[in-house]
file work-v6.txt (compact mmCIF, C-alpha atoms and all ligand atoms)
# COMPACT_ATOMS: atom_id res chain seq x y z
CA MET A 1 60.44 44.80 170.97
CA ASP A 2 63.70 43.11 170.06
CA HIS A 3 62.45 39.87 168.48
CA GLU A 4 65.93 38.73 167.57
CA ALA A 5 67.08 38.94 171.19
CA ASP A 6 63.90 37.17 172.29
CA ALA A 7 64.50 34.39 169.79
CA HIS A 8 67.93 34.00 171.33
CA ARG A 9 66.49 33.68 174.79
CA THR A 10 63.99 31.04 173.71
CA ASP A 11 66.47 28.98 171.73
CA LEU A 12 68.13 27.27 174.67
CA MET A 13 71.40 25.49 173.99
CA THR A 14 71.49 22.75 176.63
CA ILE A 15 74.72 20.90 177.31
CA THR A 16 73.28 17.73 175.73
CA ARG A 17 72.25 19.59 172.57
CA HIS A 18 75.70 21.20 172.42
CA VAL A 19 77.53 17.87 172.70
CA LEU A 20 75.18 16.21 170.17
CA ASN A 21 75.94 19.08 167.76
CA GLU A 22 79.67 18.55 168.27
CA GLN A 23 79.26 14.83 167.60
CA THR A 24 77.80 15.42 164.16
CA LYS A 25 81.37 16.39 163.16
CA TYR A 26 82.34 12.74 163.76
CA PRO A 27 80.18 10.49 161.53
CA GLU A 28 81.55 7.36 163.23
CA SER A 29 80.34 8.57 166.63
CA ARG A 30 77.85 6.26 168.38
CA GLY A 31 76.47 8.71 170.94
CA ASP A 32 78.39 7.02 173.77
CA PHE A 33 80.05 10.25 174.85
CA THR A 34 76.69 12.03 175.15
CA ILE A 35 75.40 9.22 177.35
CA LEU A 36 78.54 9.36 179.51
CA LEU A 37 78.32 13.13 179.82
CA ASN A 38 74.65 12.92 180.83
CA HIS A 39 75.68 10.71 183.76
CA ILE A 40 78.43 13.15 184.77
CA VAL A 41 75.88 15.97 184.58
CA LEU A 42 73.54 13.96 186.82
CA GLY A 43 76.32 13.62 189.42
CA CYS A 44 76.99 17.38 189.23
CA LYS A 45 73.29 18.19 189.73
CA PHE A 46 73.16 15.90 192.75
CA VAL A 47 76.25 17.45 194.33
CA CYS A 48 75.01 20.95 193.52
CA SER A 49 71.73 20.28 195.28
CA SER A 50 73.47 18.58 198.23
CA VAL A 51 75.95 21.44 198.64
CA SER A 52 73.20 24.05 198.61
CA LYS A 53 71.15 22.27 201.26
CA ALA A 54 74.09 20.84 203.21
CA GLY A 55 73.45 23.01 206.26
CA LEU A 56 69.77 22.07 206.31
CA ALA A 57 70.37 18.40 205.78
CA LYS A 58 73.19 18.39 208.34
CA LEU A 59 75.56 17.02 205.76
CA PHE A 60 78.43 19.14 207.08
CA GLY A 61 80.98 17.73 209.40
CA LEU A 62 82.96 14.63 209.87
CA ALA A 63 82.14 11.24 208.42
CA GLY A 64 80.83 9.03 211.15
CA GLU A 65 78.70 11.69 212.87
CA THR A 66 75.14 10.64 213.59
CA ASN A 67 71.94 12.55 212.91
CA ILE A 68 68.81 12.92 215.04
CA GLN A 69 67.50 9.52 213.91
CA GLY A 70 70.76 7.97 215.05
CA GLU A 71 71.72 7.20 211.44
CA GLU A 72 75.30 7.63 210.42
CA GLN A 73 75.92 10.83 208.42
CA LYS A 74 78.03 10.72 205.33
CA LYS A 75 80.49 13.49 204.71
CA LEU A 76 79.62 15.40 201.55
CA ASP A 77 82.74 14.31 199.70
CA VAL A 78 82.11 10.65 200.53
CA LEU A 79 78.49 10.96 199.42
CA SER A 80 79.44 12.79 196.21
CA ASN A 81 81.95 10.08 195.38
CA GLU A 82 79.35 7.34 195.79
CA VAL A 83 76.94 9.18 193.52
CA PHE A 84 79.55 9.73 190.79
CA VAL A 85 80.88 6.17 190.93
CA LYS A 86 77.38 4.70 190.67
CA ALA A 87 76.30 7.11 187.93
CA LEU A 88 79.44 6.45 185.89
CA ILE A 89 79.18 2.68 186.20
CA SER A 90 75.47 2.67 185.36
CA SER A 91 76.15 4.72 182.22
CA GLY A 92 77.50 1.49 180.73
CA ARG A 93 80.15 3.58 178.97
CA THR A 94 83.09 3.35 181.39
CA CYS A 95 85.71 0.68 182.03
CA ILE A 96 88.02 2.27 184.64
CA LEU A 97 87.34 4.99 187.20
CA VAL A 98 89.96 6.82 189.23
CA SER A 99 88.63 8.96 192.05
CA GLU A 100 90.46 11.10 194.56
CA GLU A 101 88.39 9.32 197.19
CA ASN A 102 89.44 5.76 196.27
CA GLU A 103 92.93 4.48 196.87
CA GLU A 104 92.70 1.99 194.00
CA ALA A 105 91.34 2.37 190.48
CA ILE A 106 87.87 0.88 190.02
CA PHE A 107 87.59 -1.64 187.18
CA VAL A 108 84.02 -1.82 185.92
CA ASP A 109 82.41 -5.26 185.66
CA PRO A 110 82.55 -6.56 182.04
CA SER A 111 78.72 -6.66 181.90
CA LYS A 112 78.60 -2.86 182.32
CA ARG A 113 81.80 -1.97 180.52
CA GLY A 114 82.31 0.76 177.92
CA ARG A 115 85.33 2.38 176.30
CA TYR A 116 85.82 5.47 178.47
CA ILE A 117 88.07 6.01 181.50
CA VAL A 118 87.01 8.76 183.88
CA VAL A 119 89.45 10.34 186.35
CA PHE A 120 87.79 12.69 188.83
CA ASP A 121 87.79 14.52 192.10
CA PRO A 122 84.12 14.42 193.15
CA LEU A 123 84.36 17.33 195.59
CA ASP A 124 87.55 19.34 195.37
CA GLY A 125 88.20 22.00 197.99
CA SER A 126 86.26 20.10 200.61
CA SER A 127 88.05 21.88 203.47
CA ASN A 128 86.06 24.94 202.30
CA ILE A 129 82.64 23.29 202.62
CA ASP A 130 81.85 24.37 206.14
CA CYS A 131 82.33 28.09 205.42
CA GLY A 132 80.27 28.15 202.22
CA VAL A 133 83.13 28.90 199.82
CA SER A 134 82.79 27.70 196.20
CA ILE A 135 83.93 24.14 195.66
CA GLY A 136 83.73 21.86 192.66
CA THR A 137 84.01 18.57 190.81
CA ILE A 138 86.90 18.08 188.36
CA PHE A 139 86.96 15.37 185.68
CA GLY A 140 89.03 14.11 182.78
CA ILE A 141 88.09 11.49 180.19
CA TYR A 142 90.38 9.09 178.31
CA LEU A 143 89.68 6.30 175.84
CA VAL A 144 90.80 2.75 176.61
CA LYS A 145 93.05 1.04 174.06
CA ASP A 146 91.37 -2.36 174.13
CA GLU A 147 87.82 -2.36 175.51
CA GLU A 148 88.01 -6.12 176.19
CA ASN A 149 91.15 -5.78 178.24
CA PRO A 150 91.45 -2.53 180.22
CA THR A 151 94.64 -2.21 182.28
CA ILE A 152 96.08 0.37 184.64
CA ASP A 153 98.37 1.54 181.81
CA ASP A 154 95.27 2.87 180.08
CA VAL A 155 94.90 5.28 183.01
CA LEU A 156 98.57 6.22 183.22
CA GLN A 157 98.43 8.25 180.01
CA ALA A 158 99.85 11.69 179.33
CA GLY A 159 97.38 14.52 179.85
CA LYS A 160 97.58 15.40 176.15
CA ASN A 161 95.69 12.16 175.41
CA LEU A 162 92.57 13.33 177.24
CA VAL A 163 89.52 13.35 174.97
CA ALA A 164 87.58 15.70 177.24
CA ALA A 165 87.88 17.49 180.57
CA GLY A 166 85.84 19.82 182.68
CA TYR A 167 84.77 21.00 186.07
CA CYS A 168 81.56 21.96 187.78
CA MET A 169 81.68 24.80 190.28
CA TYR A 170 79.18 24.93 193.11
CA GLY A 171 79.14 28.64 193.84
CA SER A 172 76.65 31.48 193.64
CA ALA A 173 75.59 29.67 190.46
CA CYS A 174 76.31 26.11 189.42
CA THR A 175 78.60 26.35 186.40
CA LEU A 176 79.91 23.49 184.29
CA VAL A 177 82.93 24.22 182.09
CA LEU A 178 83.73 21.63 179.43
CA SER A 179 86.13 20.99 176.60
CA THR A 180 85.90 18.10 174.18
CA GLY A 181 89.02 19.20 172.37
CA SER A 182 87.67 22.06 170.28
CA GLY A 183 87.56 25.03 172.62
CA VAL A 184 86.00 25.60 176.02
CA ASN A 185 82.34 26.26 176.79
CA GLY A 186 80.61 27.17 180.04
CA PHE A 187 77.07 26.12 181.00
CA THR A 188 75.02 27.41 183.92
CA LEU A 189 72.43 25.30 185.68
CA ASP A 190 68.97 26.81 185.36
CA PRO A 191 67.39 25.38 188.52
CA SER A 192 63.86 25.94 187.21
CA LEU A 193 64.58 23.76 184.17
CA GLY A 194 67.12 21.43 185.78
CA GLU A 195 69.25 21.95 182.66
CA PHE A 196 72.74 23.32 182.06
CA ILE A 197 72.38 26.11 179.49
CA LEU A 198 75.25 27.47 177.38
CA THR A 199 76.08 30.84 178.94
CA HIS A 200 79.81 31.17 178.23
CA PRO A 201 80.43 30.07 174.60
CA ASN A 202 83.99 29.67 173.37
CA ILE A 203 85.84 30.90 176.47
CA LYS A 204 89.23 32.44 175.69
CA ILE A 205 91.55 33.36 178.52
CA PRO A 206 93.03 36.90 178.24
CA LYS A 207 96.57 36.74 176.81
CA LYS A 208 97.96 38.50 179.87
CA GLY A 209 96.44 38.96 183.31
CA LYS A 210 96.62 41.28 186.29
CA ILE A 211 96.11 38.67 189.00
CA TYR A 212 98.36 36.04 190.57
CA SER A 213 96.97 33.28 192.77
CA VAL A 214 99.11 31.30 195.19
CA ASN A 215 99.26 30.15 198.81
CA GLU A 216 101.86 32.66 200.01
CA GLY A 217 102.00 30.92 203.38
CA ASN A 218 104.39 28.47 201.73
CA ALA A 219 106.77 31.24 200.56
CA LYS A 220 109.61 30.36 202.92
CA ASN A 221 109.93 26.97 201.22
CA TRP A 222 109.66 28.10 197.59
CA ASP A 223 112.40 27.70 195.00
CA GLU A 224 114.10 30.69 193.39
CA PRO A 225 111.99 31.02 190.19
CA THR A 226 108.71 31.01 192.12
CA THR A 227 110.08 33.50 194.67
CA LYS A 228 111.32 35.80 191.89
CA PHE A 229 108.03 35.56 190.00
CA VAL A 230 105.93 36.54 193.01
CA GLU A 231 108.39 39.33 193.87
CA LYS A 232 107.92 40.68 190.32
CA CYS A 233 104.14 40.53 190.73
CA LYS A 234 104.38 42.72 193.85
CA PHE A 235 107.29 44.97 192.92
CA PRO A 236 107.38 45.18 189.11
CA THR A 237 110.52 46.80 187.75
CA ASP A 238 109.18 47.49 184.23
CA GLY A 239 106.89 50.35 185.23
CA SER A 240 103.74 48.21 185.18
CA PRO A 241 101.41 48.33 188.21
CA PRO A 242 101.66 45.58 190.85
CA ARG A 243 99.34 42.63 190.26
CA SER A 244 96.45 41.74 192.54
CA LEU A 245 96.59 38.63 194.68
CA ARG A 246 93.49 36.44 194.83
CA TYR A 247 93.54 33.02 196.50
CA ILE A 248 90.50 31.01 197.45
CA GLY A 249 92.21 27.70 198.21
CA SER A 250 89.64 25.83 196.15
CA MET A 251 91.19 24.94 192.80
CA VAL A 252 87.97 25.02 190.80
CA ALA A 253 87.14 28.53 192.00
CA ASP A 254 90.71 29.81 191.53
CA VAL A 255 90.97 28.30 188.04
CA HIS A 256 87.50 29.53 187.04
CA ARG A 257 88.44 33.10 187.92
CA THR A 258 91.77 32.71 186.11
CA LEU A 259 90.02 31.41 182.99
CA LEU A 260 87.53 34.29 182.88
CA TYR A 261 89.66 37.23 184.10
CA GLY A 262 93.15 36.08 183.12
CA GLY A 263 96.23 35.82 185.30
CA ILE A 264 98.14 32.89 186.72
CA PHE A 265 97.43 30.18 189.28
CA LEU A 266 100.46 28.63 190.94
CA TYR A 267 100.82 25.55 193.09
CA PRO A 268 104.59 25.18 193.02
CA ALA A 269 106.91 22.57 194.43
CA ASP A 270 108.53 23.58 197.68
CA LYS A 271 111.11 22.21 200.10
CA LYS A 272 108.43 20.41 202.10
CA SER A 273 106.47 19.11 199.08
CA PRO A 274 108.88 18.52 196.20
CA ASN A 275 105.98 17.55 193.92
CA GLY A 276 103.61 20.27 195.05
CA LYS A 277 100.19 19.33 196.39
CA LEU A 278 97.88 18.91 193.43
CA ARG A 279 97.15 15.55 191.85
CA LEU A 280 98.14 15.04 188.27
CA LEU A 281 95.29 12.91 186.93
CA TYR A 282 92.23 14.68 188.31
CA GLU A 283 93.43 18.19 189.15
CA VAL A 284 96.47 19.21 187.08
CA PHE A 285 95.61 17.45 183.80
CA PRO A 286 91.95 18.48 183.41
CA MET A 287 92.69 22.09 184.34
CA SER A 288 95.77 22.21 182.09
CA TYR A 289 93.72 20.81 179.20
CA LEU A 290 91.04 23.48 179.69
CA MET A 291 93.69 26.22 179.90
CA GLU A 292 95.34 25.15 176.65
CA GLN A 293 91.98 24.81 174.94
CA ALA A 294 91.18 28.38 176.03
CA GLY A 295 94.47 29.72 174.65
CA GLY A 296 96.50 29.66 177.86
CA GLN A 297 99.31 27.42 179.04
CA ALA A 298 100.15 25.02 181.87
CA PHE A 299 103.73 24.32 182.99
CA THR A 300 105.19 22.15 185.75
CA GLY A 301 108.44 24.04 186.33
CA LYS A 302 110.17 21.62 183.98
CA GLN A 303 107.84 20.91 181.07
CA ARG A 304 104.39 21.33 179.53
CA ALA A 305 102.04 19.82 182.11
CA LEU A 306 100.07 17.77 179.56
CA ASP A 307 103.24 15.99 178.40
CA LEU A 308 103.77 14.35 181.78
CA VAL A 309 103.05 10.62 182.03
CA PRO A 310 101.99 9.62 185.55
CA GLY A 311 103.68 6.65 187.17
CA LYS A 312 100.94 6.25 189.81
CA ILE A 313 97.26 7.15 189.83
CA HIS A 314 97.47 9.60 192.75
CA GLU A 315 100.78 11.20 191.68
CA ARG A 316 101.24 14.92 192.38
CA SER A 317 102.84 17.64 190.29
CA PRO A 318 103.65 21.33 190.66
CA VAL A 319 101.67 23.49 188.26
CA PHE A 320 101.66 27.04 186.89
CA LEU A 321 98.68 27.69 184.68
CA GLY A 322 96.85 30.61 183.15
CA SER A 323 97.31 33.41 180.64
CA TYR A 324 99.81 32.66 177.87
CA VAL A 325 102.14 35.59 178.61
CA ASP A 326 102.11 35.09 182.38
CA VAL A 327 103.12 31.43 182.03
CA GLU A 328 105.85 32.45 179.56
CA GLU A 329 107.29 34.64 182.35
CA ILE A 330 107.56 31.81 184.84
CA LYS A 331 108.97 29.52 182.12
CA ALA A 332 111.71 32.08 181.45
CA LEU A 333 112.60 32.24 185.16
CA TYR A 334 112.92 28.44 185.34
CA ALA A 335 114.96 28.38 182.15
CA ALA A 336 117.33 31.02 183.61
CA ALA A 337 117.70 29.04 186.85
CA ASN A 338 118.78 25.85 185.06
P1 LIG B 1 91.01 20.36 200.07
O1 LIG B 1 90.12 19.47 199.22
O2 LIG B 1 91.72 19.61 201.15
O3 LIG B 1 90.30 21.57 200.55
O4 LIG B 1 92.19 20.83 199.10
C1 LIG B 1 91.89 21.64 198.02
C2 LIG B 1 93.00 21.62 197.05
O5 LIG B 1 93.30 20.32 196.63
C3 LIG B 1 92.72 22.51 195.83
O6 LIG B 1 91.37 22.63 195.54
C4 LIG B 1 93.35 23.81 196.20
O7 LIG B 1 93.80 24.54 195.08
C5 LIG B 1 94.50 23.44 197.08
O8 LIG B 1 94.15 22.17 197.64
C6 LIG B 1 94.74 24.43 198.18
O9 LIG B 1 95.82 24.00 198.94
P2 LIG B 1 96.42 24.89 200.13
O10 LIG B 1 95.40 24.88 201.24
O11 LIG B 1 97.69 24.20 200.50
O12 LIG B 1 96.67 26.27 199.60
call {"tool": "encode", "arguments": {"input": "work-v6.txt", "output": "structure tokens"}}
result
Amino acid sequence: MDHEADAHRTDLMTITRHVLNEQTKYPESRGDFTILLNHIVLGCKFVCSSVSKAGLAKLFGLAGETNIQGEEQKKLDVLSNEVFVKALISSGRTCILVSEENEEAIFVDPSKRGRYIVVFDPLDGSSNIDCGVSIGTIFGIYLVKDEENPTIDDVLQAGKNLVAAGYCMYGSACTLVLSTGSGVNGFTLDPSLGEFILTHPNIKIPKKGKIYSVNEGNAKNWDEPTTKFVEKCKFPTDGSPPRSLRYIGSMVADVHRTLLYGGIFLYPADKKSPNGKLRLLYEVFPMSYLMEQAGGQAFTGKQRALDLVPGKIHERSPVFLGSYVDVEEIKALYAAAN
């Protein structure tokens, strides 16, 4: 019997234990981040359970539909948003929340205020819900400058100022990927324990990948560097084999695969959408932060994604993110075009 392996299996590293361990590196830490994270984890568990029983509970479909009892049904993304907003406020550790679902930023009442700002998309990829494709929650965390006086400028910070970012993917397993600024770790929900257990320690993205991921339906509107890059993926001229195309259309799932297998995910600008589709604060920034923390890169077509400073909370940006070498290739094409 392999006692060492058994010891490993019985020594469970939960996400809370992991974050508490990380905090011991910062003697001034007050445990606030662990409390905040526990509330994010609660939201993820709720959404995970709702997504998995959505068909049963008749949670699918349009907001405003009614159920058998004649009660109004809430769409899953609306419900998820309510759960996250309430969990984050009740943590007592947040001062401003920005959600994809709310037009305006939410300023937390002074009686419940803390020093963290959370930007999030409670249920990204929601157009994929009805066909059972993996979807997810994306979040980024900033610190406020003055806890007594939070302003919208505290939210409009460059992505490089994030103190943590992550996503939770509701797929064949429920996986939470997190970075607090010293690498990336993945945790899988053990439903029998109700705990996220460290299953993917210190994730590093392969330096170069064999997969590209893009909505090719937009190809007729792409700019020259994107067109050239995709052409090279299909018809390489350096003797290398063509790359595989994988596109789910759910950013969390596409980024998760990119992080684990390597490759590049592209949501470029095009003639119809000069800023692309994805939102800077709660899609581009958190994913770019995770990519860099895992040894990859994220580029907008003009600059490092994390250097951008948003002018508005729901601002969009093009993004190319993934393996270091793959992103270097697209950077070179943009540099040549300018
Ligand atoms: P939905 O939430 O409307 O499904 O959008 C998902 C998303 O924001 C992101 O998760 C995907 O990467 C991207 O849009 C897919 O966009 P296209 O459908 O234009 O390819």
call {"tool": "axis_aligned_box", "arguments": {"input": "work-v6.txt", "around": "ligand LIG 1 (chain B)", "padding_each_side": "3 Å", "output": "lines of an AutoDock Vina configuration file"}}
result
center_x = 93.9
center_y = 22.9
center_z = 198.2
size_x = 13.6
size_y = 12.8
size_z = 12.2
call {"tool": "closest_residue", "arguments": {"input": "work-v6.txt", "among": "A:Cys233, A:Leu156, A:Leu143, A:Met287", "to": "ligand LIG 1 (chain B)", "atoms": "all atoms listed in the file"}}
result
A:Met287
call {"tool": "closest_residue", "arguments": {"input": "work-v6.txt", "among": "A:Ala158, A:Val78, A:Ala294, A:Val118", "to": "ligand LIG 1 (chain B)", "atoms": "only C-alpha atoms and all ligand atoms"}}
result
A:Val78
call {"tool": "atom_distance", "arguments": {"input": "work-v6.txt", "atom1": "CA of Lys145 (chain A)", "atom2": "CA of Lys312 (chain A)"}}
result
18.4 Å
call {"tool": "residues_around", "arguments": {"input": "work-v6.txt", "residues": "Gly249 (chain A)", "least_positions_apart": "4", "cutoff": "9 Å", "atoms": "only C-alpha atoms", "output": "list in words"}}
result
Gly125, Ser127, Asn128, Val214, Asn215, Ala253 and Asp254 of chain A
call {"tool": "write_last_selection", "arguments": {"input": "work-v6.txt", "atoms": "C-alpha atoms", "output": "PDB file, in the coordinates of the input"}}
result
ATOM      1  CA  GLY A 125      88.200  22.000 197.990  1.00  0.00           C
ATOM      2  CA  SER A 127      88.050  21.880 203.470  1.00  0.00           C
ATOM      3  CA  ASN A 128      86.060  24.940 202.300  1.00  0.00           C
ATOM      4  CA  VAL A 214      99.110  31.300 195.190  1.00  0.00           C
ATOM      5  CA  ASN A 215      99.260  30.150 198.810  1.00  0.00           C
ATOM      6  CA  ALA A 253      87.140  28.530 192.000  1.00  0.00           C
ATOM      7  CA  ASP A 254      90.710  29.810 191.530  1.00  0.00           C
TER       8      ASP A 254
END
call {"tool": "closest_residue", "arguments": {"input": "work-v6.txt", "among": "A:Val309, A:Ala336, A:Ile15, A:Ile129", "to": "ligand LIG 1 (chain B)", "atoms": "all atoms listed in the file"}}
result
A:Ile129
call {"tool": "atom_distance", "arguments": {"input": "work-v6.txt", "atom1": "CA of Asp190 (chain A)", "atom2": "CA of Arg246 (chain A)"}}
result
28.0 Å
call {"tool": "atom_distance", "arguments": {"input": "work-v6.txt", "atom1": "CA of Pro191 (chain A)", "atom2": "CA of Ser52 (chain A)"}}
result
11.7 Å
call {"tool": "closest_residue", "arguments": {"input": "work-v6.txt", "among": "A:Gly183, A:Pro201, A:Gly322, A:Pro122", "to": "Met291 (chain A)", "atoms": "all atoms listed in the file"}}
result
A:Gly322
call {"tool": "residues_around", "arguments": {"input": "work-v6.txt", "residues": "Met169 (chain A)", "least_positions_apart": "5", "cutoff": "7 Å", "atoms": "all atoms listed in the file", "output": "list in words"}}
result
Ser134, Ile135, Gly136, Thr137, Cys174, Thr175, Leu176, Val252 and Ala253 of chain A
call {"tool": "closest_residue", "arguments": {"input": "work-v6.txt", "among": "A:Glu292, A:Thr180, A:Thr14, A:Lys331", "to": "Thr199 (chain A)", "atoms": "all atoms listed in the file"}}
result
A:Thr14
call {"tool": "build_atoms", "arguments": {"input": "work-v6.txt", "residues": "region 313-328 of chain A", "atoms": "N, CA and C atoms", "output": "compact mmCIF listing (two decimals), in the frame of the given file"}}
result
# COMPACT_ATOMS: atom_id res chain seq x y z
N ILE A 313 98.53 6.45 190.06
CA ILE A 313 97.26 7.15 189.83
C ILE A 313 97.08 8.40 190.69
N HIS A 314 97.67 8.42 191.89
CA HIS A 314 97.47 9.60 192.75
C HIS A 314 98.70 10.51 192.78
N GLU A 315 99.53 10.40 191.75
CA GLU A 315 100.78 11.20 191.68
C GLU A 315 100.47 12.70 191.72
N ARG A 316 101.40 13.46 192.31
CA ARG A 316 101.24 14.92 192.38
C ARG A 316 102.20 15.60 191.41
N SER A 317 101.90 16.86 191.10
CA SER A 317 102.84 17.64 190.29
C SER A 317 102.68 19.13 190.61
N PRO A 318 103.79 19.87 190.58
CA PRO A 318 103.65 21.33 190.66
C PRO A 318 102.95 21.82 189.40
N VAL A 319 102.29 22.96 189.47
CA VAL A 319 101.67 23.49 188.26
C VAL A 319 101.59 25.02 188.29
N PHE A 320 101.80 25.60 187.11
CA PHE A 320 101.66 27.04 186.89
C PHE A 320 100.76 27.15 185.67
N LEU A 321 99.56 27.65 185.85
CA LEU A 321 98.68 27.69 184.68
C LEU A 321 97.91 28.99 184.59
N GLY A 322 97.61 29.38 183.34
CA GLY A 322 96.85 30.61 183.15
C GLY A 322 97.15 31.28 181.83
N SER A 323 97.13 32.62 181.86
CA SER A 323 97.31 33.41 180.64
C SER A 323 98.65 33.08 179.98
N TYR A 324 98.64 33.08 178.65
CA TYR A 324 99.81 32.66 177.87
C TYR A 324 101.08 33.43 178.29
N VAL A 325 100.96 34.76 178.34
CA VAL A 325 102.14 35.59 178.61
C VAL A 325 102.63 35.39 180.05
N ASP A 326 101.73 35.27 180.97
CA ASP A 326 102.11 35.09 182.38
C ASP A 326 102.89 33.78 182.57
N VAL A 327 102.42 32.71 181.90
CA VAL A 327 103.12 31.43 182.03
C VAL A 327 104.48 31.49 181.32
N GLU A 328 104.54 32.26 180.22
CA GLU A 328 105.85 32.45 179.56
C GLU A 328 106.86 33.05 180.53
